[in-house]
>>> print(open('run-v7.cif').read())   # mmCIF, C-alpha atoms and all ligand atoms
data_upload
#
loop_
_atom_site.label_atom_id
_atom_site.label_comp_id
_atom_site.auth_asym_id
_atom_site.auth_seq_id
_atom_site.Cartn_x
_atom_site.Cartn_y
_atom_site.Cartn_z
CA MET A 7 0.00 0.00 0.00
CA ASP A 8 1.45 3.43 -0.86
CA SER A 9 0.88 6.72 1.03
CA ASN A 10 -2.36 7.39 -0.90
CA GLY A 11 -3.80 4.11 0.23
CA LEU A 12 -3.51 2.66 -3.25
CA VAL A 13 -2.32 -0.88 -3.64
CA ASP A 14 1.09 -0.93 -5.22
CA TYR A 15 1.38 -3.94 -7.54
CA PRO A 16 5.01 -4.67 -8.17
CA LYS A 17 4.75 -7.43 -10.71
CA LYS A 18 4.02 -8.08 -14.34
CA ILE A 19 3.61 -11.76 -15.11
CA PRO A 20 3.04 -12.64 -18.78
CA VAL A 21 0.49 -15.34 -19.59
CA ALA A 22 3.01 -17.08 -21.86
CA LYS A 23 6.76 -16.92 -22.27
CA PRO A 24 9.06 -19.02 -24.47
CA GLU A 25 12.20 -20.14 -22.65
CA ILE A 26 15.14 -19.79 -25.03
CA GLY A 27 18.53 -20.86 -23.67
CA LYS A 28 22.11 -20.63 -24.87
CA GLU A 29 21.81 -24.04 -26.60
CA GLU A 30 19.10 -22.71 -28.93
CA ILE A 31 21.00 -19.47 -29.56
CA GLU A 32 24.26 -21.28 -30.36
CA ARG A 33 22.51 -23.71 -32.72
CA VAL A 34 20.67 -20.92 -34.57
CA VAL A 35 23.89 -18.88 -34.89
CA GLU A 36 25.65 -21.94 -36.35
CA VAL A 37 22.98 -22.14 -39.05
CA LEU A 38 23.26 -18.43 -39.76
CA LYS A 39 27.03 -18.75 -40.12
CA SER A 40 26.69 -21.80 -42.40
CA GLY A 41 24.62 -19.81 -44.90
CA MET A 42 22.32 -22.85 -45.39
CA LEU A 43 19.13 -21.27 -44.11
CA ALA A 44 16.21 -22.95 -45.90
CA GLN A 45 14.95 -26.54 -45.57
CA GLY A 46 17.94 -28.86 -45.36
CA LYS A 47 19.78 -31.25 -43.05
CA LEU A 48 18.49 -29.75 -39.81
CA VAL A 49 14.86 -30.11 -40.88
CA GLU A 50 15.61 -33.81 -41.51
CA GLU A 51 17.28 -34.09 -38.09
CA PHE A 52 14.31 -32.40 -36.40
CA GLU A 53 11.86 -34.71 -38.19
CA ARG A 54 13.76 -37.84 -37.09
CA ALA A 55 14.01 -36.65 -33.48
CA PHE A 56 10.33 -35.67 -33.34
CA ALA A 57 9.14 -38.97 -34.88
CA GLU A 58 11.21 -40.87 -32.33
CA TYR A 59 9.87 -38.75 -29.46
CA VAL A 60 6.22 -39.26 -30.46
CA GLY A 61 6.82 -42.94 -31.32
CA VAL A 62 5.79 -42.89 -34.99
CA ARG A 63 7.37 -43.91 -38.29
CA ASP A 64 7.38 -40.45 -39.92
CA ALA A 65 7.30 -36.80 -39.01
CA VAL A 66 6.95 -34.16 -41.73
CA ALA A 67 7.97 -30.60 -40.85
CA VAL A 68 5.96 -27.68 -42.28
CA SER A 69 5.77 -23.94 -41.83
CA ASN A 70 3.10 -23.82 -39.09
CA GLY A 71 0.34 -25.77 -37.36
CA THR A 72 -2.42 -24.47 -39.62
CA VAL A 73 -0.53 -25.77 -42.64
CA ALA A 74 -0.06 -29.12 -40.85
CA LEU A 75 -3.86 -29.51 -40.60
CA ASP A 76 -4.39 -28.24 -44.14
CA LEU A 77 -1.88 -30.67 -45.66
CA ALA A 78 -3.08 -33.62 -43.58
CA LEU A 79 -6.63 -33.18 -44.92
CA LYS A 80 -5.36 -32.61 -48.49
CA ALA A 81 -3.14 -35.68 -48.39
CA LEU A 82 -6.12 -37.76 -47.23
CA GLY A 83 -8.10 -36.56 -50.24
CA ILE A 84 -10.79 -34.69 -48.28
CA GLY A 85 -12.64 -32.40 -50.68
CA GLU A 86 -15.86 -30.75 -51.76
CA GLY A 87 -19.01 -32.50 -50.51
CA ASP A 88 -17.18 -34.17 -47.61
CA GLU A 89 -17.90 -33.51 -43.95
CA VAL A 90 -15.32 -33.43 -41.17
CA VAL A 91 -16.32 -33.53 -37.52
CA VAL A 92 -14.57 -30.90 -35.36
CA PRO A 93 -15.07 -29.64 -31.81
CA ALA A 94 -17.08 -26.42 -31.46
CA PHE A 95 -14.62 -25.20 -28.85
CA THR A 96 -11.07 -24.82 -30.19
CA PHE A 97 -8.80 -22.37 -31.99
CA ILE A 98 -10.39 -21.46 -35.32
CA ALA A 99 -7.59 -23.06 -37.39
CA THR A 100 -8.95 -26.55 -36.60
CA ALA A 101 -12.17 -25.83 -38.47
CA ASN A 102 -10.69 -23.52 -41.10
CA ALA A 103 -8.47 -26.36 -42.34
CA VAL A 104 -11.69 -28.12 -43.37
CA LEU A 105 -12.92 -25.02 -45.21
CA PHE A 106 -9.60 -24.85 -47.11
CA GLN A 107 -10.61 -28.17 -48.76
CA ARG A 108 -14.08 -26.80 -49.62
CA ALA A 109 -15.40 -29.45 -47.25
CA LYS A 110 -17.86 -28.80 -44.40
CA PRO A 111 -16.88 -28.66 -40.75
CA VAL A 112 -19.57 -30.26 -38.57
CA PHE A 113 -19.38 -28.95 -35.02
CA VAL A 114 -19.76 -31.21 -32.01
CA ASP A 115 -20.16 -30.27 -28.39
CA ILE A 116 -17.60 -30.78 -25.64
CA ASP A 117 -17.38 -32.66 -22.40
CA GLU A 118 -18.05 -30.30 -19.50
CA LYS A 119 -15.09 -31.51 -17.40
CA THR A 120 -12.25 -31.75 -19.92
CA MET A 121 -13.66 -29.27 -22.48
CA ASN A 122 -12.66 -31.83 -25.15
CA LEU A 123 -14.81 -33.56 -27.81
CA ASP A 124 -17.88 -35.31 -26.45
CA ALA A 125 -17.71 -38.83 -27.94
CA ASP A 126 -21.49 -39.33 -27.82
CA ASP A 127 -22.05 -36.16 -29.81
CA VAL A 128 -19.39 -37.22 -32.33
CA ALA A 129 -21.33 -40.43 -32.97
CA GLU A 130 -24.58 -38.41 -33.30
CA LYS A 131 -23.17 -36.07 -35.94
CA ILE A 132 -21.82 -38.70 -38.36
CA THR A 133 -23.53 -38.90 -41.73
CA ASP A 134 -22.75 -40.80 -44.92
CA ARG A 135 -20.70 -37.78 -46.04
CA THR A 136 -18.39 -37.82 -42.99
CA LYS A 137 -14.80 -38.64 -43.93
CA ALA A 138 -12.77 -37.71 -40.87
CA VAL A 139 -12.83 -36.57 -37.25
CA ILE A 140 -10.39 -33.94 -35.99
CA GLY A 141 -9.99 -34.26 -32.23
CA VAL A 142 -8.19 -31.48 -30.38
CA HIS A 143 -6.13 -32.20 -27.27
CA LEU A 144 -7.29 -28.90 -25.86
CA TYR A 145 -5.04 -27.05 -23.39
CA GLY A 146 -2.75 -30.13 -23.32
CA HIS A 147 -5.40 -32.55 -21.96
CA PRO A 148 -5.75 -35.52 -24.34
CA PHE A 149 -9.25 -36.14 -25.64
CA ASP A 150 -10.80 -39.58 -25.14
CA VAL A 151 -8.72 -41.22 -27.85
CA LYS A 152 -10.13 -44.68 -27.13
CA ALA A 153 -13.78 -43.70 -27.59
CA ILE A 154 -13.12 -41.50 -30.63
CA SER A 155 -10.86 -44.11 -32.31
CA GLU A 156 -13.56 -46.74 -31.88
CA ILE A 157 -16.10 -44.48 -33.60
CA CYS A 158 -13.62 -43.84 -36.43
CA GLU A 159 -13.05 -47.58 -36.85
CA ASP A 160 -16.79 -48.35 -36.81
CA TYR A 161 -17.56 -45.76 -39.50
CA ASN A 162 -14.30 -46.08 -41.45
CA LEU A 163 -13.20 -42.49 -40.80
CA PHE A 164 -9.75 -40.94 -40.66
CA LEU A 165 -8.68 -39.73 -37.22
CA ILE A 166 -6.69 -36.50 -37.12
CA GLU A 167 -5.26 -35.36 -33.82
CA ASP A 168 -4.86 -31.61 -33.51
CA ALA A 169 -1.99 -31.77 -31.04
CA ALA A 170 -1.00 -28.11 -31.45
CA GLN A 171 -1.34 -27.71 -27.67
CA ALA A 172 -0.21 -31.16 -26.56
CA HIS A 173 3.49 -31.87 -27.21
CA GLY A 174 4.46 -34.70 -24.87
CA ALA A 175 0.92 -35.35 -23.56
CA GLU A 176 -0.05 -39.01 -23.18
CA PHE A 177 -3.20 -41.09 -23.40
CA GLU A 178 -2.92 -44.45 -21.61
CA GLY A 179 0.87 -44.27 -21.76
CA ARG A 180 1.16 -43.37 -25.47
CA LYS A 181 2.10 -39.97 -26.81
CA THR A 182 -0.53 -37.78 -28.46
CA GLY A 183 0.06 -37.62 -32.20
CA SER A 184 0.74 -41.38 -32.38
CA PHE A 185 -2.88 -42.58 -32.63
CA GLY A 186 -4.11 -40.94 -35.82
CA ILE A 187 -2.42 -38.32 -37.97
CA GLY A 188 -0.87 -35.84 -35.54
CA CYS A 189 -0.69 -32.11 -36.28
CA PHE A 190 1.57 -29.98 -34.08
CA SER A 191 2.32 -26.25 -33.88
CA PHE A 192 5.56 -24.62 -32.71
CA TYR A 193 4.17 -21.12 -32.22
CA PRO A 194 6.09 -19.29 -29.43
CA THR A 195 3.39 -19.76 -26.75
CA LYS A 196 3.32 -23.54 -27.23
CA ASN A 197 4.96 -26.13 -24.92
CA MET A 198 7.97 -26.00 -27.25
CA THR A 199 8.69 -23.56 -30.05
CA ALA A 200 10.50 -23.14 -33.36
CA ALA A 201 9.40 -19.47 -33.62
CA GLU A 202 6.76 -20.63 -36.10
CA GLY A 203 6.50 -24.15 -37.45
CA GLY A 204 4.45 -27.29 -37.58
CA MET A 205 4.86 -31.08 -37.75
CA ILE A 206 2.67 -33.90 -39.06
CA THR A 207 3.18 -37.34 -37.52
CA THR A 208 2.05 -40.62 -39.05
CA ASN A 209 2.77 -44.35 -39.22
CA ASP A 210 1.66 -44.44 -42.87
CA GLY A 211 4.74 -44.23 -45.10
CA GLU A 212 2.72 -43.54 -48.27
CA LEU A 213 0.88 -40.67 -46.61
CA ALA A 214 4.22 -39.23 -45.45
CA LYS A 215 5.47 -39.33 -49.06
CA ARG A 216 2.38 -37.44 -50.26
CA LEU A 217 2.81 -34.89 -47.50
CA ARG A 218 6.44 -34.28 -48.49
CA LEU A 219 5.40 -33.75 -52.11
CA LEU A 220 2.56 -31.38 -51.20
CA ARG A 221 4.91 -29.41 -48.96
CA ASN A 222 7.34 -28.73 -51.78
CA HIS A 223 5.61 -28.02 -55.11
CA GLY A 224 4.90 -31.69 -55.77
CA ASP A 225 8.60 -32.08 -56.57
CA ALA A 226 9.67 -35.73 -56.67
CA GLY A 227 13.31 -34.94 -57.57
CA LYS A 228 15.03 -31.90 -58.95
CA TYR A 229 12.30 -30.03 -60.90
CA ASP A 230 10.22 -33.19 -61.39
CA HIS A 231 6.78 -31.84 -60.46
CA ILE A 232 4.34 -34.73 -60.37
CA MET A 233 1.45 -33.01 -58.59
CA LEU A 234 0.18 -29.60 -57.59
CA GLY A 235 1.93 -28.64 -54.37
CA TYR A 236 2.83 -25.64 -52.28
CA ASN A 237 5.75 -24.01 -50.57
CA TYR A 238 4.87 -25.02 -47.00
CA ARG A 239 8.47 -25.77 -45.97
CA MET A 240 10.14 -25.23 -42.61
CA THR A 241 13.57 -23.55 -42.58
CA ASP A 242 16.77 -24.95 -41.04
CA LEU A 243 16.76 -21.89 -38.77
CA GLN A 244 13.43 -22.95 -37.30
CA ALA A 245 14.53 -26.59 -37.12
CA ALA A 246 17.69 -25.62 -35.18
CA LEU A 247 15.51 -23.97 -32.57
CA GLY A 248 13.06 -26.88 -32.57
CA ILE A 249 15.77 -29.53 -32.11
CA GLU A 250 17.11 -27.85 -28.97
CA GLN A 251 13.61 -27.15 -27.61
CA LEU A 252 12.59 -30.78 -28.09
CA LYS A 253 15.48 -31.88 -25.84
CA LYS A 254 14.01 -29.68 -23.11
CA LEU A 255 10.34 -30.49 -23.70
CA ASP A 256 9.93 -33.07 -20.91
CA GLY A 257 11.54 -30.69 -18.43
CA PHE A 258 9.29 -27.82 -19.55
CA ASN A 259 6.23 -30.04 -19.19
CA GLU A 260 7.20 -31.22 -15.69
CA ARG A 261 7.45 -27.59 -14.63
CA ARG A 262 4.07 -26.77 -16.18
CA ILE A 263 2.53 -29.74 -14.36
CA GLY A 264 4.13 -28.66 -11.06
CA ASN A 265 2.86 -25.09 -11.52
CA ALA A 266 -0.65 -26.37 -12.25
CA GLU A 267 -0.53 -28.55 -9.13
CA TYR A 268 0.42 -25.54 -7.05
CA LEU A 269 -2.43 -23.46 -8.51
CA ASN A 270 -4.98 -26.27 -8.12
CA LYS A 271 -4.03 -26.57 -4.47
CA ASN A 272 -3.79 -22.89 -3.63
CA LEU A 273 -6.49 -21.15 -5.66
CA ARG A 274 -9.92 -20.50 -4.14
CA ASP A 275 -12.55 -23.22 -4.44
CA ASP A 276 -15.40 -21.06 -5.73
CA ILE A 277 -13.95 -21.09 -9.25
CA VAL A 278 -13.81 -24.18 -11.47
CA LYS A 279 -10.23 -25.39 -11.72
CA PRO A 280 -8.77 -27.71 -14.40
CA MET A 281 -9.51 -31.41 -14.01
CA VAL A 282 -7.48 -34.36 -15.20
CA VAL A 283 -9.82 -37.12 -16.37
CA GLY A 284 -8.79 -40.68 -17.25
CA LYS A 285 -5.36 -42.30 -17.60
CA VAL A 286 -3.73 -39.30 -19.26
CA LYS A 287 -0.73 -37.03 -18.93
CA HIS A 288 -2.06 -33.46 -19.14
CA VAL A 289 0.80 -31.11 -20.09
CA PHE A 290 -0.96 -27.84 -19.24
CA HIS A 291 -0.39 -25.81 -22.34
CA GLN A 292 -2.96 -23.61 -20.64
CA TYR A 293 -4.18 -23.52 -17.04
CA VAL A 294 -7.83 -22.59 -17.53
CA VAL A 295 -10.25 -21.67 -14.75
CA ARG A 296 -13.94 -20.95 -15.18
CA VAL A 297 -15.49 -17.99 -13.40
CA GLY A 298 -18.95 -16.43 -13.28
CA GLU A 299 -18.02 -12.75 -13.23
CA ARG A 300 -15.38 -12.89 -15.95
CA GLU A 301 -15.19 -9.19 -16.74
CA ARG A 302 -14.60 -8.24 -13.16
CA PHE A 303 -12.14 -11.11 -12.70
CA VAL A 304 -9.93 -10.18 -15.66
CA ARG A 305 -10.07 -6.47 -14.83
CA GLU A 306 -8.58 -7.25 -11.43
CA LEU A 307 -5.93 -9.52 -12.96
CA SER A 308 -4.92 -6.71 -15.31
CA ARG A 309 -4.73 -4.17 -12.51
CA ALA A 310 -2.45 -6.50 -10.58
CA GLY A 311 -0.18 -7.23 -13.55
CA VAL A 312 -1.18 -10.88 -13.90
CA GLY A 313 -1.35 -11.77 -17.59
CA TYR A 314 -4.33 -13.81 -18.75
CA GLY A 315 -5.92 -15.11 -21.94
CA ILE A 316 -9.44 -15.98 -23.07
CA HIS A 317 -9.15 -19.26 -24.97
CA TYR A 318 -11.71 -18.92 -26.55
CA PRO A 319 -14.41 -16.22 -26.27
CA LEU A 320 -16.91 -17.88 -28.63
CA ALA A 321 -17.81 -21.31 -29.96
CA VAL A 322 -16.16 -21.48 -33.41
CA TYR A 323 -19.47 -21.33 -35.29
CA GLU A 324 -20.35 -18.11 -33.44
CA GLN A 325 -17.39 -16.34 -35.09
CA PRO A 326 -18.40 -13.82 -37.78
CA LEU A 327 -16.70 -15.93 -40.48
CA TYR A 328 -18.91 -18.96 -39.78
CA ARG A 329 -22.01 -16.82 -39.28
CA SER A 330 -21.37 -15.26 -42.69
CA LEU A 331 -21.01 -18.71 -44.26
CA GLY A 332 -24.21 -19.93 -42.61
CA ILE A 333 -22.40 -22.84 -40.97
CA ASN A 334 -24.03 -23.29 -37.59
CA GLY A 335 -23.74 -25.53 -34.60
CA ASP A 336 -25.88 -26.21 -31.61
CA CYS A 337 -23.38 -26.85 -28.85
CA ARG A 338 -24.74 -25.63 -25.54
CA ILE A 339 -21.75 -26.58 -23.39
CA ALA A 340 -19.24 -25.04 -25.79
CA GLU A 341 -21.18 -21.77 -25.74
CA GLU A 342 -21.53 -21.76 -21.95
CA VAL A 343 -17.87 -22.59 -21.34
CA SER A 344 -16.65 -19.92 -23.80
CA ARG A 345 -18.31 -17.23 -21.65
CA ARG A 346 -16.47 -18.31 -18.49
CA VAL A 347 -12.93 -19.43 -19.33
CA VAL A 348 -9.82 -17.54 -18.25
CA SER A 349 -6.27 -18.83 -18.82
CA LEU A 350 -3.79 -17.99 -16.06
CA PRO A 351 0.02 -18.13 -16.36
CA VAL A 352 1.40 -21.68 -15.99
CA HIS A 353 4.51 -21.48 -18.20
CA PRO A 354 7.84 -22.99 -17.08
CA SER A 355 9.50 -19.62 -16.40
CA LEU A 356 7.30 -18.95 -13.36
CA ASN A 357 9.04 -19.14 -10.01
CA ARG A 358 7.56 -19.82 -6.58
CA GLU A 359 7.15 -16.12 -5.86
CA ASP A 360 5.21 -15.62 -9.12
CA LEU A 361 2.90 -18.52 -8.26
CA GLU A 362 2.30 -17.19 -4.75
CA TYR A 363 1.53 -13.78 -6.21
CA ILE A 364 -0.95 -15.22 -8.76
CA ALA A 365 -2.72 -17.11 -5.95
CA GLU A 366 -2.78 -14.02 -3.72
CA VAL A 367 -4.29 -11.87 -6.52
CA VAL A 368 -6.86 -14.46 -7.63
CA ASN A 369 -7.92 -15.28 -4.08
CA GLY A 370 -8.31 -11.58 -3.26
CA ILE A 371 -10.72 -10.73 -6.11
CA ASP A 372 -14.21 -9.86 -4.92
CA LEU A 373 -16.44 -11.92 -7.18
CA GLY A 374 -19.53 -10.61 -5.43
CA CYS A 375 -20.95 -14.01 -4.58
C1 LIG B 401 -5.72 -26.11 -31.39
C2 LIG B 401 -4.88 -25.40 -32.41
N1 LIG B 401 -4.89 -25.82 -33.68
C3 LIG B 401 -4.15 -25.23 -34.63
C4 LIG B 401 -3.33 -24.17 -34.35
C5 LIG B 401 -2.58 -23.49 -35.47
O1 LIG B 401 -1.22 -23.48 -35.28
P1 LIG B 401 -0.32 -22.29 -35.91
O2 LIG B 401 -0.57 -21.07 -35.10
O3 LIG B 401 1.08 -22.80 -35.76
O4 LIG B 401 -0.72 -22.13 -37.32
C6 LIG B 401 -3.26 -23.70 -33.04
C7 LIG B 401 -2.40 -22.55 -32.71
O5 LIG B 401 -2.65 -21.76 -31.87
C8 LIG B 401 -4.06 -24.32 -32.04
O6 LIG B 401 -4.05 -23.89 -30.78
#
>>> encode(input="run-v7.cif", output="structure tokens")
Amino acid sequence: MDSNGLVDYPKKIPVAKPEIGKEEIERVVEVLKSGMLAQGKLVEEFERAFAEYVGVRDAVAVSNGTVALDLALKALGIGEGDEVVVPAFTFIATANAVLFQRAKPVFVDIDEKTMNLDADDVAEKITDRTKAVIGVHLYGHPFDVKAISEICEDYNLFLIEDAAQAHGAEFEGRKTGSFGIGCFSFYPTKNMTAAEGGMITTNDGELAKRLRLLRNHGDAGKYDHIMLGYNYRMTDLQAALGIEQLKKLDGFNERRIGNAEYLNKNLRDDIVKPMVVGKVKHVFHQYVVRVGERERFVRELSRAGVGYGIHYPLAVYEQPLYRSLGINGDCRIAEEVSRRVVSLPVHPSLNREDLEYIAEVVNGIDLGC
């Protein structure tokens, strides 16, 4: 408290912060000095290391996570007239990837506890046009892979895992991205980063070949263009960063999990705190609470210098883009949850003092109930 009786908040805690060490800096500088900046040997090295980490045959590096989803659907041959089931509550890229193919995203509701795909609603929404299901391991909590895989097997559908938020997460002891076709993002707020970047993981060697062609102008050799492709390549600069970050990923995740445990134990009980459901490893890409008086809550966080995020403020089909396209959904839980979620800092750079401060601020907010 200062002499005017105003509370003096000393801290500024960002909601996300990439941790870049000397290993990453040295590796990136090496690439810069080599002059070999675009896709080359380091991309190959990153792909091998990532495939081994996830436990799959192939990993294909691309320029970002949106492109990973886009190429996965393209390589599977999803196109006009097809339907793809997606959760109503996710980052918009999950559904947009379906639009890129001129296919139709069909929105399903979420489970109230995990905020992930509701398997019963997935089964409800399948039609004879459905070709694939994209499950999202939202906030780092794996979706119910067993239930969703069974539905995919029963109806002969492709399973795509949007693992943009779930590097190193596990479902029943197996890494996310190893069940279907995995799509990862390395955006700077993610559990590991390559500045920007993405990776597609698969056990299907033929699919991996198609993905590599699509990524690079359909080029099967030197200027041997056998199909229409894109420039969706990752650079060696990004790969250098990614290789060093991958080595640290398990350590980052353990710190996220420890921070989440602290917050779960020390935050007030009149807000809904994250739950871990089933035999999963939740890697806390986000630590998301649900509150009634969200505006007041986030105003107080801001005043106190505690960074926060709203992931996400609307169900995807409520976004102006989907409204304008006339693509609707009827997902009551997704809509309700979107009005209440607040992400608090949980990143690995937080120290004990930061965590105590976050708890003190959150527990001191008058929520008027
Ligand atoms: C669930 C989800 N899917 C896809 C993406 C897209 O990844 P990128 O930002 O790398 O394109 C993100 C990124 O935020 C995401 O959170």
>>> closest_atom_pairs(input="run-v7.cif", of="chain A", to="ligand LIG 401 (chain B)", cutoff="7 Å", atoms="all atoms listed in the file", output="tab-separated table")
residue	atom	partner	partner_atom	distance
A:Asn70	CA	B:LIG401	O3	4.0
A:Gly71	CA	B:LIG401	O3	3.5
A:Thr72	CA	B:LIG401	O4	3.7
A:Val73	CA	B:LIG401	O4	6.4
A:Thr96	CA	B:LIG401	C1	5.6
A:Phe97	CA	B:LIG401	C1	4.9
A:Ala99	CA	B:LIG401	C3	4.9
A:Thr100	CA	B:LIG401	N1	5.1
A:Val142	CA	B:LIG401	C1	6.0
A:Leu144	CA	B:LIG401	C1	6.4
A:Asp168	CA	B:LIG401	N1	5.8
A:Ala169	CA	B:LIG401	C1	6.8
A:Ala170	CA	B:LIG401	C2	4.8
A:Gln171	CA	B:LIG401	O6	5.6
A:Ser191	CA	B:LIG401	O3	4.1
A:Phe192	CA	B:LIG401	O3	5.7
A:Tyr193	CA	B:LIG401	O3	5.0
A:Glu202	CA	B:LIG401	O3	6.1
A:Gly203	CA	B:LIG401	O3	5.8
A:Gly204	CA	B:LIG401	O3	5.9
>>> closest_residue(input="run-v7.cif", among="A:His143, A:Arg108, A:His231, A:Lys253", to="Gly188 in chain A", atoms="all atoms listed in the file")
A:His143
>>> closest_atom_pairs(input="run-v7.cif", of="range 58-123 of chain A", to="range 176-179 of chain A", cutoff="12 Å", atoms="only C-alpha atoms", output="JSON lines")
{"residue": "A:Tyr59", "atom": "CA", "partner": "A:Glu176", "partner_atom": "CA", "distance": 11.7}
{"residue": "A:Val60", "atom": "CA", "partner": "A:Glu176", "partner_atom": "CA", "distance": 9.6}
{"residue": "A:Gly61", "atom": "CA", "partner": "A:Gly179", "partner_atom": "CA", "distance": 11.3}
>>> closest_residue(input="run-v7.cif", among="A:Ser184, A:Ser155, A:Asn270, A:Gln325", to="Ile364 in chain A", atoms="only C-alpha atoms")
A:Asn270
>>> atom_distance(input="run-v7.cif", atom1="CA of Ile98 in chain A", atom2="CA of Phe149 in chain A")
17.6 Å
>>> residues_around(input="run-v7.cif", residues="Ile371 in chain A", least_positions_apart="5", cutoff="12 Å", atoms="all atoms listed in the file", output="PyMOL selection string")
chain A and resi 273-274+276-277+297+299-310+364-366
>>> atom_distance(input="run-v7.cif", atom1="CA of Gly370 in chain A", atom2="CA of Lys119 in chain A")
25.4 Å
>>> atom_distance(input="run-v7.cif", atom1="CA of Leu255 in chain A", atom2="CA of Met198 in chain A")
6.2 Å
>>> closest_atom_pairs(input="run-v7.cif", of="range 217-328 of chain A", to="range 26-34 of chain A", cutoff="6 Å", atoms="all atoms listed in the file", output="JSON lines")
{"residue": "A:Leu243", "atom": "CA", "partner": "A:Val34", "partner_atom": "CA", "distance": 5.8}
{"residue": "A:Ala246", "atom": "CA", "partner": "A:Val34", "partner_atom": "CA", "distance": 5.6}
{"residue": "A:Leu247", "atom": "CA", "partner": "A:Glu30", "partner_atom": "CA", "distance": 5.3}
{"residue": "A:Glu250", "atom": "CA", "partner": "A:Glu30", "partner_atom": "CA", "distance": 5.5}
>>> closest_atom_pairs(input="run-v7.cif", of="range 203-302 of chain A", to="range 75-93 of chain A", cutoff="7 Å", atoms="only C-alpha atoms", output="Markdown table")
| residue | atom | partner | partner_atom | distance |
| --- | --- | --- | --- | --- |
| A:Leu213 | CA | A:Ala81 | CA | 6.7 |
| A:Arg216 | CA | A:Ala81 | CA | 6.1 |
| A:Leu217 | CA | A:Ala81 | CA | 6.1 |
>>> residues_around(input="run-v7.cif", residues="Lys215 in chain A", least_positions_apart="2", cutoff="12 Å", atoms="only C-alpha atoms", output="PyMOL selection string")
chain A and resi 63-66+77-78+81-82+206-213+217-222+224-226
>>> closest_residue(input="run-v7.cif", among="A:His147, A:Arg239, A:Lys196, A:Lys23", to="Leu43 in chain A", atoms="only C-alpha atoms")
A:Arg239
>>> closest_residue(input="run-v7.cif", among="A:Asn237, A:Gln244, A:Thr120, A:Asn357", to="Arg296 in chain A", atoms="all atoms listed in the file")
A:Thr120
>>> closest_atom_pairs(input="run-v7.cif", of="range 247-325 of chain A", to="range 333-354 of chain A", cutoff="7 Å", atoms="only C-alpha atoms", output="tab-separated table")
residue	atom	partner	partner_atom	distance
A:Phe258	CA	A:Pro354	CA	5.6
A:Arg261	CA	A:Pro354	CA	5.2
A:Arg262	CA	A:Pro354	CA	5.4
A:Asn265	CA	A:Val352	CA	5.8
A:Ala266	CA	A:Val352	CA	6.3
A:Gln292	CA	A:Ser349	CA	6.1
A:Tyr293	CA	A:Ser349	CA	5.4
A:Val294	CA	A:Ser349	CA	4.3
A:Val295	CA	A:Val348	CA	5.4
A:Arg296	CA	A:Val347	CA	4.5
A:Val297	CA	A:Arg346	CA	5.2
A:Gly298	CA	A:Arg346	CA	6.1
A:Arg300	CA	A:Arg346	CA	6.1
A:Gly313	CA	A:Pro351	CA	6.6
A:Tyr314	CA	A:Leu350	CA	5.0
A:Gly315	CA	A:Ser349	CA	4.9
A:Ile316	CA	A:Val348	CA	5.1
A:His317	CA	A:Val347	CA	6.8
A:Tyr318	CA	A:Ser344	CA	5.7
A:Pro319	CA	A:Ser344	CA	5.0
A:Leu320	CA	A:Ser344	CA	5.2
A:Ala321	CA	A:Glu341	CA	5.4
A:Tyr323	CA	A:Asn334	CA	5.5
>>> closest_residue(input="run-v7.cif", among="A:Lys110, A:Arg329, A:His288, A:Lys17", to="Lys137 in chain A", atoms="all atoms listed in the file")
A:Lys110
>>> closest_residue(input="run-v7.cif", among="A:Leu123, A:Ala74, A:Leu361, A:Val112", to="Asn272 in chain A", atoms="only C-alpha atoms")
A:Leu361
